[in-house]
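Q: This is the content of model16.cif (mmCIF, C-alpha atoms and all ligand atoms):
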```cif
data_query
loop_
_atom_site.group_PDB
_atom_site.id
_atom_site.type_symbol
_atom_site.label_atom_id
_atom_site.label_comp_id
_atom_site.auth_asym_id
_atom_site.auth_seq_id
_atom_site.Cartn_x
_atom_site.Cartn_y
_atom_site.Cartn_z
ATOM 1 C CA MET A 1263 95.953 86.188 95.569
ATOM 2 C CA LYS A 1264 93.781 88.871 97.150
ATOM 3 C CA VAL A 1265 94.518 92.597 97.249
ATOM 4 C CA ILE A 1266 93.206 94.187 100.441
ATOM 5 C CA TYR A 1267 92.963 97.861 101.321
ATOM 6 C CA THR A 1268 91.560 97.902 104.868
ATOM 7 C CA LYS A 1269 93.002 96.589 108.097
ATOM 8 C CA ASN A 1270 89.646 95.151 109.222
ATOM 9 C CA GLU A 1271 89.342 92.967 106.138
ATOM 10 C CA LEU A 1272 92.952 91.839 106.405
ATOM 11 C CA PHE A 1273 92.631 91.108 110.118
ATOM 12 C CA SER A 1274 89.520 88.950 109.696
ATOM 13 C CA LEU A 1275 90.996 86.958 106.781
ATOM 14 C CA ILE A 1276 94.148 86.256 108.785
ATOM 15 C CA GLU A 1277 92.109 85.340 111.842
ATOM 16 C CA GLY A 1278 90.346 82.741 109.683
ATOM 17 C CA TYR A 1279 93.668 81.236 108.539
ATOM 18 C CA LYS A 1280 94.929 81.102 112.110
ATOM 19 C CA LYS A 1281 91.779 79.294 113.270
ATOM 20 C CA GLU A 1282 92.593 76.644 110.664
ATOM 21 C CA GLY A 1283 96.010 76.272 112.323
ATOM 22 C CA LYS A 1284 97.934 77.892 109.454
ATOM 23 C CA CYS A 1285 101.325 79.526 109.882
ATOM 24 C CA VAL A 1286 101.212 83.148 108.722
ATOM 25 C CA GLY A 1287 104.343 84.823 107.344
ATOM 26 C CA PHE A 1288 104.693 88.542 106.633
ATOM 27 C CA VAL A 1289 106.871 90.603 104.283
ATOM 28 C CA PRO A 1290 106.554 94.370 104.834
ATOM 29 C CA THR A 1291 107.623 96.439 101.813
ATOM 30 C CA MET A 1292 107.338 99.941 100.419
ATOM 31 C CA GLY A 1293 106.562 98.603 96.936
ATOM 32 C CA ALA A 1294 108.443 99.244 93.673
ATOM 33 C CA LEU A 1295 109.181 95.578 94.045
ATOM 34 C CA HIS A 1296 112.230 93.833 92.626
ATOM 35 C CA ASN A 1297 113.711 90.347 92.892
ATOM 36 C CA GLY A 1298 115.069 91.121 96.365
ATOM 37 C CA HIS A 1299 111.511 91.570 97.669
ATOM 38 C CA LEU A 1300 110.326 88.555 95.713
ATOM 39 C CA SER A 1301 113.048 86.438 97.327
ATOM 40 C CA LEU A 1302 111.601 87.442 100.717
ATOM 41 C CA VAL A 1303 108.107 86.421 99.596
ATOM 42 C CA LYS A 1304 109.465 83.096 98.336
ATOM 43 C CA ALA A 1305 111.331 82.473 101.615
ATOM 44 C CA CYS A 1306 108.106 83.334 103.435
ATOM 45 C CA LYS A 1307 106.046 80.957 101.334
ATOM 46 C CA ASN A 1308 108.657 78.195 101.824
ATOM 47 C CA SER A 1309 108.420 78.290 105.582
ATOM 48 C CA CYS A 1310 104.805 79.403 106.152
ATOM 49 C CA ASP A 1311 101.365 78.372 104.850
ATOM 50 C CA ILE A 1312 100.211 81.904 104.124
ATOM 51 C CA ALA A 1313 102.359 84.743 102.764
ATOM 52 C CA VAL A 1314 101.111 88.272 103.483
ATOM 53 C CA THR A 1315 102.903 91.243 101.881
ATOM 54 C CA SER A 1316 102.259 94.892 102.624
ATOM 55 C CA VAL A 1317 102.945 97.625 100.089
ATOM 56 C CA PHE A 1318 102.984 100.965 101.876
ATOM 57 C CA VAL A 1319 105.288 103.936 101.374
ATOM 58 C CA ASN A 1320 105.555 105.006 104.997
ATOM 59 C CA PRO A 1321 105.815 108.807 105.248
ATOM 60 C CA THR A 1322 107.045 108.783 108.858
ATOM 61 C CA GLN A 1323 110.366 107.125 107.997
ATOM 62 C CA PHE A 1324 111.447 109.697 105.389
ATOM 63 C CA ASN A 1325 113.576 112.419 106.909
ATOM 64 C CA ASP A 1326 113.846 114.096 103.494
ATOM 65 C CA PRO A 1327 110.519 115.195 101.922
ATOM 66 C CA GLU A 1328 112.095 115.150 98.434
ATOM 67 C CA ASP A 1329 113.063 111.500 98.938
ATOM 68 C CA LEU A 1330 109.444 110.682 99.875
ATOM 69 C CA LYS A 1331 108.091 112.555 96.857
ATOM 70 C CA ARG A 1332 110.318 110.795 94.344
ATOM 71 C CA TYR A 1333 110.109 107.317 95.930
ATOM 72 C CA PRO A 1334 108.927 105.039 93.084
ATOM 73 C CA ARG A 1335 105.320 103.812 93.238
ATOM 74 C CA THR A 1336 104.210 100.938 90.986
ATOM 75 C CA PRO A 1337 101.212 99.261 92.702
ATOM 76 C CA GLU A 1338 99.749 97.435 89.676
ATOM 77 C CA LYS A 1339 103.091 95.939 88.698
ATOM 78 C CA ASP A 1340 103.764 95.070 92.357
ATOM 79 C CA ALA A 1341 100.507 93.109 92.572
ATOM 80 C CA GLU A 1342 101.379 91.184 89.394
ATOM 81 C CA LEU A 1343 104.864 90.317 90.646
ATOM 82 C CA LEU A 1344 103.562 89.237 94.042
ATOM 83 C CA LYS A 1345 101.121 86.876 92.394
ATOM 84 C CA THR A 1346 103.943 85.159 90.499
ATOM 85 C CA ALA A 1347 105.994 84.853 93.720
ATOM 86 C CA GLY A 1348 103.197 82.926 95.470
ATOM 87 C CA CYS A 1349 101.919 85.681 97.754
ATOM 88 C CA ASP A 1350 98.423 85.011 99.200
ATOM 89 C CA LEU A 1351 97.372 88.413 100.534
ATOM 90 C CA VAL A 1352 98.615 91.865 99.544
ATOM 91 C CA PHE A 1353 97.820 94.734 101.866
ATOM 92 C CA MET A 1354 97.868 98.137 100.144
ATOM 93 C CA PRO A 1355 96.551 100.584 102.745
ATOM 94 C CA SER A 1356 96.174 104.357 102.420
ATOM 95 C CA VAL A 1357 98.099 106.645 104.768
ATOM 96 C CA GLU A 1358 94.825 107.308 106.692
ATOM 97 C CA GLU A 1359 94.271 103.577 107.148
ATOM 98 C CA ILE A 1360 97.648 103.172 108.863
ATOM 99 C CA TYR A 1361 97.707 106.550 110.604
ATOM 100 C CA PRO A 1362 94.103 107.603 111.385
ATOM 101 C CA GLU A 1363 95.800 109.943 113.862
ATOM 102 C CA LYS A 1364 99.341 111.221 113.989
ATOM 103 C CA ASP A 1365 101.665 108.642 115.533
ATOM 104 C CA THR A 1366 103.516 110.461 118.305
ATOM 105 C CA ARG A 1367 105.256 107.432 119.782
ATOM 106 C CA LYS A 1368 108.979 107.808 120.375
ATOM 107 C CA PHE A 1369 111.005 104.625 120.388
ATOM 108 C CA ASP A 1370 114.269 104.320 122.234
ATOM 109 C CA PHE A 1371 116.593 102.013 120.321
ATOM 110 C CA GLY A 1372 119.572 103.129 122.423
ATOM 111 C CA TYR A 1373 122.991 102.817 120.821
ATOM 112 C CA LEU A 1374 121.537 101.041 117.753
ATOM 113 C CA GLU A 1375 120.067 104.269 116.415
ATOM 114 C CA THR A 1376 123.110 106.438 117.051
ATOM 115 C CA VAL A 1377 125.313 105.062 114.269
ATOM 116 C CA MET A 1378 125.224 104.887 110.454
ATOM 117 C CA GLU A 1379 121.642 105.265 109.132
ATOM 118 C CA GLY A 1380 120.453 106.349 112.570
ATOM 119 C CA ALA A 1381 123.038 109.132 112.706
ATOM 120 C CA LYS A 1382 122.586 110.250 109.090
ATOM 121 C CA ARG A 1383 118.799 109.985 108.867
ATOM 122 C CA PRO A 1384 117.379 111.426 112.099
ATOM 123 C CA GLY A 1385 113.907 110.043 112.878
ATOM 124 C CA HIS A 1386 114.157 107.346 110.214
ATOM 125 C CA PHE A 1387 114.200 104.363 112.570
ATOM 126 C CA ASN A 1388 111.499 105.879 114.747
ATOM 127 C CA GLY A 1389 109.291 105.928 111.646
ATOM 128 C CA VAL A 1390 110.278 102.345 110.813
ATOM 129 C CA GLY A 1391 109.358 101.319 114.375
ATOM 130 C CA GLN A 1392 106.009 103.114 114.100
ATOM 131 C CA VAL A 1393 104.959 101.514 110.853
ATOM 132 C CA VAL A 1394 106.319 98.021 111.472
ATOM 133 C CA SER A 1395 104.666 97.836 114.902
ATOM 134 C CA ARG A 1396 101.343 98.977 113.392
ATOM 135 C CA LEU A 1397 101.657 96.388 110.635
ATOM 136 C CA PHE A 1398 102.620 93.686 113.168
ATOM 137 C CA ASP A 1399 99.525 94.600 115.247
ATOM 138 C CA ILE A 1400 97.290 94.191 112.200
ATOM 139 C CA VAL A 1401 98.886 91.089 110.641
ATOM 140 C CA GLN A 1402 100.091 89.414 113.862
ATOM 141 C CA PRO A 1403 102.286 87.033 111.861
ATOM 142 C CA HIS A 1404 104.205 84.062 113.213
ATOM 143 C CA LYS A 1405 107.263 85.083 111.195
ATOM 144 C CA ALA A 1406 108.397 88.274 109.424
ATOM 145 C CA PHE A 1407 111.031 88.489 106.687
ATOM 146 C CA PHE A 1408 113.499 91.345 106.160
ATOM 147 C CA GLY A 1409 116.343 91.832 103.671
ATOM 148 C CA MET A 1410 119.887 92.117 104.994
ATOM 149 C CA LYS A 1411 120.691 95.039 102.703
ATOM 150 C CA ASP A 1412 119.056 97.091 105.450
ATOM 151 C CA PHE A 1413 121.391 95.536 107.986
ATOM 152 C CA GLN A 1414 120.799 98.086 110.721
ATOM 153 C CA GLN A 1415 117.038 97.936 110.207
ATOM 154 C CA VAL A 1416 117.079 94.203 111.033
ATOM 155 C CA ALA A 1417 118.834 94.960 114.359
ATOM 156 C CA ILE A 1418 116.296 97.726 115.088
ATOM 157 C CA ILE A 1419 113.315 95.466 114.319
ATOM 158 C CA LYS A 1420 114.690 92.679 116.544
ATOM 159 C CA ASN A 1421 115.135 95.218 119.320
ATOM 160 C CA MET A 1422 111.559 96.491 118.850
ATOM 161 C CA VAL A 1423 110.188 92.932 118.925
ATOM 162 C CA ASN A 1424 111.908 92.465 122.311
ATOM 163 C CA GLN A 1425 110.757 95.821 123.671
ATOM 164 C CA LEU A 1426 107.112 95.346 122.653
ATOM 165 C CA LYS A 1427 107.195 91.611 123.422
ATOM 166 C CA TYR A 1428 105.895 90.479 120.055
ATOM 167 C CA ASN A 1429 105.796 86.738 119.588
ATOM 168 C CA ILE A 1430 107.147 87.032 116.031
ATOM 169 C CA GLU A 1431 110.219 85.340 114.630
ATOM 170 C CA ILE A 1432 112.346 87.768 112.609
ATOM 171 C CA ILE A 1433 114.009 86.112 109.623
ATOM 172 C CA PRO A 1434 116.845 88.052 107.952
ATOM 173 C CA CYS A 1435 117.304 87.087 104.286
ATOM 174 C CA PRO A 1436 120.410 87.457 102.069
ATOM 175 C CA ILE A 1437 120.983 90.471 99.821
ATOM 176 C CA VAL A 1438 119.989 89.868 96.199
ATOM 177 C CA ARG A 1439 122.270 91.469 93.607
ATOM 178 C CA GLU A 1440 122.214 92.256 89.927
ATOM 179 C CA GLU A 1441 124.726 90.326 87.849
ATOM 180 C CA SER A 1442 126.878 93.468 88.035
ATOM 181 C CA GLY A 1443 127.010 93.099 91.825
ATOM 182 C CA LEU A 1444 124.785 96.111 92.536
ATOM 183 C CA ALA A 1445 122.500 95.314 95.472
ATOM 184 C CA LEU A 1446 118.862 95.395 94.367
ATOM 185 C CA SER A 1447 117.013 98.421 95.694
ATOM 186 C CA SER A 1448 113.841 100.238 94.684
ATOM 187 C CA ARG A 1449 116.018 103.354 94.489
ATOM 188 C CA ASN A 1450 118.092 101.835 91.643
ATOM 189 C CA ALA A 1451 115.194 102.727 89.336
ATOM 190 C CA LEU A 1452 115.972 106.408 90.024
ATOM 191 C CA LEU A 1453 119.659 106.211 89.044
ATOM 192 C CA GLU A 1454 120.790 108.118 85.980
ATOM 193 C CA GLU A 1455 122.478 106.000 83.331
ATOM 194 C CA GLU A 1456 126.093 106.861 84.185
ATOM 195 C CA HIS A 1457 125.478 106.432 87.909
ATOM 196 C CA LYS A 1458 123.805 103.089 87.290
ATOM 197 C CA LYS A 1459 126.829 101.976 85.257
ATOM 198 C CA ASN A 1460 129.224 102.971 88.018
ATOM 199 C CA ALA A 1461 127.231 101.884 91.083
ATOM 200 C CA PRO A 1462 128.503 98.238 90.907
ATOM 201 C CA HIS A 1463 131.891 99.677 91.929
ATOM 202 C CA ILE A 1464 130.499 99.815 95.489
ATOM 203 C CA TYR A 1465 130.173 96.058 95.879
ATOM 204 C CA ALA A 1466 133.360 95.401 93.883
ATOM 205 C CA THR A 1467 135.182 97.532 96.477
ATOM 206 C CA LEU A 1468 133.564 95.724 99.410
ATOM 207 C CA LYS A 1469 134.624 92.378 97.968
ATOM 208 C CA LYS A 1470 138.220 93.575 97.555
ATOM 209 C CA ALA A 1471 138.134 94.935 101.106
ATOM 210 C CA ARG A 1472 137.313 91.483 102.440
ATOM 211 C CA ASN A 1473 140.657 90.276 101.118
ATOM 212 C CA LEU A 1474 142.586 93.148 102.725
ATOM 213 C CA VAL A 1475 141.620 92.425 106.329
ATOM 214 C CA ALA A 1476 144.855 90.553 107.012
ATOM 215 C CA GLU A 1477 146.950 93.408 105.615
ATOM 216 C CA MET A 1478 145.519 96.561 107.167
ATOM 217 C CA SER A 1479 144.299 98.009 110.449
ATOM 218 C CA VAL A 1480 140.538 98.676 110.791
ATOM 219 C CA ALA A 1481 141.120 102.425 110.385
ATOM 220 C CA ASP A 1482 143.288 101.945 107.293
ATOM 221 C CA LEU A 1483 140.789 99.611 105.688
ATOM 222 C CA LYS A 1484 137.968 102.136 106.246
ATOM 223 C CA LYS A 1485 140.147 104.816 104.681
ATOM 224 C CA TRP A 1486 141.014 102.523 101.772
ATOM 225 C CA ILE A 1487 137.331 101.720 101.087
ATOM 226 C CA THR A 1488 136.369 105.397 101.284
ATOM 227 C CA GLU A 1489 139.096 106.455 98.849
ATOM 228 C CA GLU A 1490 138.505 103.551 96.485
ATOM 229 C CA ILE A 1491 134.796 104.432 96.183
ATOM 230 C CA ASN A 1492 135.340 108.189 96.049
ATOM 231 C CA ASN A 1493 137.947 107.791 93.304
ATOM 232 C CA ASN A 1494 135.042 106.923 91.048
ATOM 233 C CA PRO A 1495 133.723 110.317 89.813
ATOM 234 C CA TYR A 1496 130.086 109.152 89.990
ATOM 235 C CA LEU A 1497 130.179 107.996 93.617
ATOM 236 C CA GLU A 1498 130.620 109.757 96.962
ATOM 237 C CA THR A 1499 130.619 107.911 100.298
ATOM 238 C CA GLU A 1500 128.517 109.275 103.127
ATOM 239 C CA TYR A 1501 129.869 106.802 105.662
ATOM 240 C CA VAL A 1502 131.977 103.675 105.789
ATOM 241 C CA GLU A 1503 131.760 101.724 109.048
ATOM 242 C CA ILE A 1504 132.977 98.377 110.268
ATOM 243 C CA VAL A 1505 130.689 97.117 113.019
ATOM 244 C CA ASP A 1506 129.818 94.072 115.072
ATOM 245 C CA ASP A 1507 126.982 92.251 113.325
ATOM 246 C CA THR A 1508 124.695 92.043 116.375
ATOM 247 C CA THR A 1509 125.549 94.984 118.626
ATOM 248 C CA LEU A 1510 126.500 97.298 115.701
ATOM 249 C CA LYS A 1511 129.346 98.555 117.928
ATOM 250 C CA VAL A 1512 131.991 100.219 115.776
ATOM 251 C CA ILE A 1513 135.054 97.959 115.588
ATOM 252 C CA GLU A 1514 138.482 99.400 116.325
ATOM 253 C CA ASN A 1515 140.623 96.260 116.295
ATOM 254 C CA TRP A 1516 140.391 93.064 114.301
ATOM 255 C CA ASN A 1517 140.958 91.019 117.452
ATOM 256 C CA GLU A 1518 137.615 92.139 118.936
ATOM 257 C CA LYS A 1519 135.274 89.151 119.228
ATOM 258 C CA GLY A 1520 132.305 88.534 116.946
ATOM 259 C CA THR A 1521 131.412 88.724 113.274
ATOM 260 C CA LYS A 1522 132.242 91.986 111.588
ATOM 261 C CA VAL A 1523 130.402 93.687 108.795
ATOM 262 C CA VAL A 1524 131.336 96.608 106.575
ATOM 263 C CA CYS A 1525 128.377 98.956 106.011
ATOM 264 C CA VAL A 1526 128.424 101.839 103.540
ATOM 265 C CA ALA A 1527 126.125 104.606 102.362
ATOM 266 C CA VAL A 1528 127.078 106.108 99.024
ATOM 267 C CA TYR A 1529 125.608 108.887 96.918
ATOM 268 C CA ALA A 1530 125.357 108.069 93.233
ATOM 269 C CA GLY A 1531 124.339 111.531 92.046
ATOM 270 C CA LYS A 1532 121.251 112.464 94.092
ATOM 271 C CA ILE A 1533 120.436 108.856 94.914
ATOM 272 C CA ARG A 1534 121.628 107.404 98.172
ATOM 273 C CA LEU A 1535 122.523 103.711 98.123
ATOM 274 C CA ILE A 1536 123.456 101.425 101.004
ATOM 275 C CA ASP A 1537 125.270 98.125 100.943
ATOM 276 C CA ASN A 1538 127.183 95.842 103.256
ATOM 277 C CA ILE A 1539 129.402 92.787 103.341
ATOM 278 C CA ILE A 1540 130.091 90.346 106.137
ATOM 279 C CA LEU A 1541 133.824 89.921 106.667
HETATM 280 O O1 LIG A 1601 112.637 98.070 104.385
HETATM 281 C C1 LIG A 1601 111.624 98.699 104.011
HETATM 282 O O2 LIG A 1601 111.226 98.685 102.841
HETATM 283 C C2 LIG A 1601 110.862 99.537 105.016
HETATM 284 O O3 LIG A 1601 111.715 100.158 105.901
HETATM 285 C C3 LIG A 1601 109.778 98.744 105.778
HETATM 286 C C4 LIG A 1601 110.386 97.670 106.658
HETATM 287 C C5 LIG A 1601 108.822 98.121 104.781
HETATM 288 C C6 LIG A 1601 108.982 99.692 106.676
HETATM 289 O O4 LIG A 1601 108.332 100.679 105.932
#
```
What would you get if you wrote out this structure as C-alpha cells?

A:
Amino acid sequence: MKVIYTKNELFSLIEGYKKEGKCVGFVPTMGALHNGHLSLVKACKNSCDIAVTSVFVNPTQFNDPEDLKRYPRTPEKDAELLKTAGCDLVFMPSVEEIYPEKDTRKFDFGYLETVMEGAKRPGHFNGVGQVVSRLFDIVQPHKAFFGMKDFQQVAIIKNMVNQLKYNIEIIPCPIVREESGLALSSRNALLEEEHKKNAPHIYATLKKARNLVAEMSVADLKKWITEEINNNPYLETEYVEIVDDTTLKVIENWNEKGTKVVCVAVYAGKIRLIDNIIL
C-alpha cells in the first residue's frame, strides 16, 4: 500500500493502472477510520482491482467551526488499518492541495438539500459536493463507495454525478454497527462515557418503530420515536423524519408508494449522531 500526498502523483499512478485495464474503486473518507469505513474498502476491493481511499477532513463541509476543530484525526492509525483492509493507495492531501484557491462553486441540489441534514446544517452538502467532485476529478474512479449511515449524502452524491455527468457508479453500502446497535461513526470517539452507554437507545428505538408501522399514523410514529428517544436523559432528538428512500420526500401517509426510511439526528451531549432504518 502506498501513501500519497499530492494529486499529481496519485493521478499518474491511477493513469498507469487504467492503461493496464484495471478497474479503479474509490472510498472517500475524513479519516478516524472504523470498521464501517473498512467495510467500504473491503467492498471496493471485492469488486475492483485497485482500491483508492482518501483521508481528508474537508473544512468546507463543516458549518460549525467547533465541530471541525474537534473532529478526530488519526492519520498513522488510519494508514495501518487501510493496509489490513487491502487498500492499494491512500491519498492524504493537505487543505492547499485540494483547495489551492477558495472553492466558490454553489451546487443546486434542489429539494434534496432542503430537508434533514440540509436544513439543519446549512452549506454542508455544498461542501460535500465541492470536495467529492474535486476528489472524483483527481481519482476518476470507475466506482465509488459510500456508507448508508449518511443516507441523504448518498442521494446528494448521486444527484451530483448526474449533474456533472461523471461516469462513476455510486455504490451505497450497509451501515455497520457495534454489538450494542450503535451505528459506527468517527464521532463516537468523542462521546462521553454515559452518552456512549446510552447512545444504543437510538437504534433500539428505530427497531421498535419498525414494528409499530401497522399500528400508528406516520405523524404518531414520528412523535412516538421523538418521545422515546428524548425520554432518555442523555439523548435529545434534533429531527425525526420519515422519507421516501430515493426522492427523500417527507412521507405523510403509509399508503404512499415507495420504500420508506426513518432518519434521525440526535444530540448525545455535545455530539451529534445520525442514524436511519429502512421500514
Ligand atoms: O462521509 C464522509 O465522510 C464525507 O462527507 C466525505 C464523503 C468523505 C466527503 O468529505

Q: List every residue of chain A that has an atom at most 9 Å from any atom of ligand LIG 1601 (chain A), giving for each one its closest atom pair and the distance in Å to one decimal, counting only C-alpha atoms and all ligand atoms, sorted by chain and then by ascending residue number, as a Markdown table.

A:
```
| residue | atom | partner | partner_atom | distance |
| --- | --- | --- | --- | --- |
| A:Val1289 | CA | A:LIG1601 | C5 | 7.8 |
| A:Pro1290 | CA | A:LIG1601 | C5 | 4.4 |
| A:Thr1291 | CA | A:LIG1601 | C5 | 3.6 |
| A:Met1292 | CA | A:LIG1601 | O2 | 4.7 |
| A:Gly1293 | CA | A:LIG1601 | O2 | 7.5 |
| A:His1299 | CA | A:LIG1601 | O2 | 8.8 |
| A:Ser1316 | CA | A:LIG1601 | C5 | 7.6 |
| A:Val1317 | CA | A:LIG1601 | C5 | 7.5 |
| A:Phe1318 | CA | A:LIG1601 | O4 | 6.7 |
| A:Val1319 | CA | A:LIG1601 | O4 | 6.4 |
| A:Asn1320 | CA | A:LIG1601 | O4 | 5.2 |
| A:Pro1321 | CA | A:LIG1601 | O4 | 8.5 |
| A:Thr1322 | CA | A:LIG1601 | O4 | 8.7 |
| A:Gln1323 | CA | A:LIG1601 | O4 | 7.1 |
| A:His1386 | CA | A:LIG1601 | O3 | 8.7 |
| A:Phe1387 | CA | A:LIG1601 | O3 | 8.3 |
| A:Gly1389 | CA | A:LIG1601 | O4 | 7.8 |
| A:Val1390 | CA | A:LIG1601 | C6 | 5.1 |
| A:Gly1391 | CA | A:LIG1601 | C6 | 7.9 |
| A:Gln1392 | CA | A:LIG1601 | C6 | 8.7 |
| A:Val1393 | CA | A:LIG1601 | O4 | 6.0 |
| A:Val1394 | CA | A:LIG1601 | C6 | 5.7 |
| A:Leu1397 | CA | A:LIG1601 | C6 | 9.0 |
| A:Phe1408 | CA | A:LIG1601 | O1 | 7.0 |
| A:Gly1409 | CA | A:LIG1601 | O1 | 7.3 |
| A:Lys1411 | CA | A:LIG1601 | O1 | 8.8 |
| A:Asp1412 | CA | A:LIG1601 | O1 | 6.6 |
| A:Gln1415 | CA | A:LIG1601 | O3 | 7.2 |
| A:Val1416 | CA | A:LIG1601 | C4 | 8.7 |
| A:Ile1419 | CA | A:LIG1601 | C4 | 8.5 |
| A:Ser1448 | CA | A:LIG1601 | O2 | 8.7 |
```

Q: Just say which residues the PyMOL selection byres (((chain A and resi 1346) around 12) and not hetatm) picks in this file, as a VMD selection string.

A: chain A and resid 1263 1297 1300 to 1301 1303 to 1304 1307 1339 to 1345 1347 to 1350

Q: Using atom CA of A:Asn1325 and atom CA of A:Pro1434 as the two end points, give the distance in Å to one decimal.

A: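 Atom CA of A:Asn1325 sits 24.6 Å away from atom CA of A:Pro1434.
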
Q: Counting all atoms listed in the file, figure out which residue out of A:Leu1510, A:Leu1474, A:Val1357, A:Val1314 gets nearest to A:Leu1541.

A: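 Closest candidate: A:Leu1474.
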
Q: Need to verify the contact set: A:Ser1356, 9 Å, all atoms listed in the file, exclusion of same-chain residues closer than 4 positions in sequence. Can you return it as a VMD selection string?

A: chain A and resid 1267 to 1268 1318 1360 to 1361

Q: Compile the contact shell of stretch 1367-1378 of chain A as a VMD selection string: residues with an atom at most 12 Å away, counting all atoms listed in the file, same-chain residues fewer than 3 positions apart removed.

A: chain A and resid 1322 1361 1363 to 1364 1381 to 1393 1395 to 1396 1412 to 1426 1499 to 1512 1524 to 1528 1536 to 1538

Q: Which residues are near A:Val1286? Cut-off 12 Å, only C-alpha atoms, ignore same chain within fewer than 3 positions. Put them as a ChimeraX atom specification.

A: /A:1273,1275-1283,1289,1303,1306-1315,1349-1351,1398,1401-1407,1430-1431

Q: Just the residues within 9 Å of A:Pro1462, please, counting only C-alpha atoms, with nothing from its chain fewer than 6 positions along; format it as a list in words.

A: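 That gives Glu1440, Ser1442, Gly1443, Leu1444 and Ala1445 of chain A.
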
Q: For the residues in that selection, give me C-alpha atoms as a PDB file, in the frame of the given file.

A:
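Now in again14.pdb:
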```pdb
ATOM      1  CA  GLU A1440     122.214  92.256  89.927  1.00  0.00           C
ATOM      2  CA  SER A1442     126.878  93.468  88.035  1.00  0.00           C
ATOM      3  CA  GLY A1443     127.010  93.099  91.825  1.00  0.00           C
ATOM      4  CA  LEU A1444     124.785  96.111  92.536  1.00  0.00           C
ATOM      5  CA  ALA A1445     122.500  95.314  95.472  1.00  0.00           C
TER       6      ALA A1445
END
```

Q: Using Å and a single decimal, report how far atom CA of A:Leu1272 sits from atom CA of A:Ile1400.

A: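 Result for atom CA of A:Ile1400 versus atom CA of A:Leu1272: 7.6 Å, one decimal.
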
Q: Expressed in Å to a single decimal, how great is the separation between atom CA of A:Pro1337 and atom CA of A:Ile1266?

A: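 The value is 12.2 Å.
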
Q: Let me make sure I understand: among A:Ile1533, A:Lys1284, A:Val1438, A:Lys1469, which one has the smallest atom-to-atom distance to A:Ile1487 if we use only C-alpha atoms?

A: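 Of A:Ile1533, A:Lys1284, A:Val1438, A:Lys1469, the one nearest A:Ile1487, counting only C-alpha atoms, is A:Lys1469.
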
Q: Can you list, as a ChimeraX atom specification, the residues that the PyMOL selection byres (((chain A and resi 1483) around 12) and not hetatm) selects here?

A: /A:1467-1468,1470-1482,1484-1490,1502-1504,1513-1516,1524,1541

Q: Please, can stretch 1441-1452 of chain A be completed to N, CA, C and O atoms and returned as a CSV table (one decimal), in the coordinates of the input?

A:
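The result, written out as rebuild04.csv:
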```csv
chain,number,residue,atom,x,y,z
A,1441,GLU,N,123.5,91.0,88.3
A,1441,GLU,CA,124.7,90.3,87.8
A,1441,GLU,C,126.0,91.2,88.0
A,1441,GLU,O,127.1,90.7,88.3
A,1442,SER,N,125.8,92.5,87.9
A,1442,SER,CA,126.9,93.5,88.0
A,1442,SER,C,127.4,93.6,89.5
A,1442,SER,O,128.4,94.1,89.7
A,1443,GLY,N,126.6,93.0,90.4
A,1443,GLY,CA,127.0,93.1,91.8
A,1443,GLY,C,126.2,94.2,92.6
A,1443,GLY,O,126.2,94.2,93.8
A,1444,LEU,N,125.6,95.1,91.9
A,1444,LEU,CA,124.8,96.1,92.5
A,1444,LEU,C,123.6,95.5,93.3
A,1444,LEU,O,122.9,94.7,92.8
A,1445,ALA,N,123.6,95.8,94.6
A,1445,ALA,CA,122.5,95.3,95.5
A,1445,ALA,C,121.2,95.8,95.0
A,1445,ALA,O,121.0,97.0,94.7
A,1446,LEU,N,120.2,94.9,94.9
A,1446,LEU,CA,118.9,95.4,94.4
A,1446,LEU,C,118.2,96.3,95.4
A,1446,LEU,O,118.3,96.1,96.6
A,1447,SER,N,117.7,97.4,94.9
A,1447,SER,CA,117.0,98.4,95.7
A,1447,SER,C,116.0,99.1,94.8
A,1447,SER,O,116.2,99.3,93.6
A,1448,SER,N,114.9,99.5,95.4
A,1448,SER,CA,113.8,100.2,94.7
A,1448,SER,C,114.4,101.6,94.2
A,1448,SER,O,114.0,102.1,93.2
A,1449,ARG,N,115.4,102.1,94.9
A,1449,ARG,CA,116.0,103.4,94.5
A,1449,ARG,C,116.9,103.2,93.2
A,1449,ARG,O,117.2,104.2,92.6
A,1450,ASN,N,117.3,102.0,92.9
A,1450,ASN,CA,118.1,101.8,91.6
A,1450,ASN,C,117.3,102.4,90.4
A,1450,ASN,O,118.0,102.8,89.5
A,1451,ALA,N,116.0,102.3,90.5
A,1451,ALA,CA,115.2,102.7,89.3
A,1451,ALA,C,115.4,104.2,89.1
A,1451,ALA,O,115.1,104.8,88.0
A,1452,LEU,N,115.8,104.9,90.1
A,1452,LEU,CA,116.0,106.4,90.0
A,1452,LEU,C,117.4,106.8,89.6
A,1452,LEU,O,117.6,108.0,89.3
```
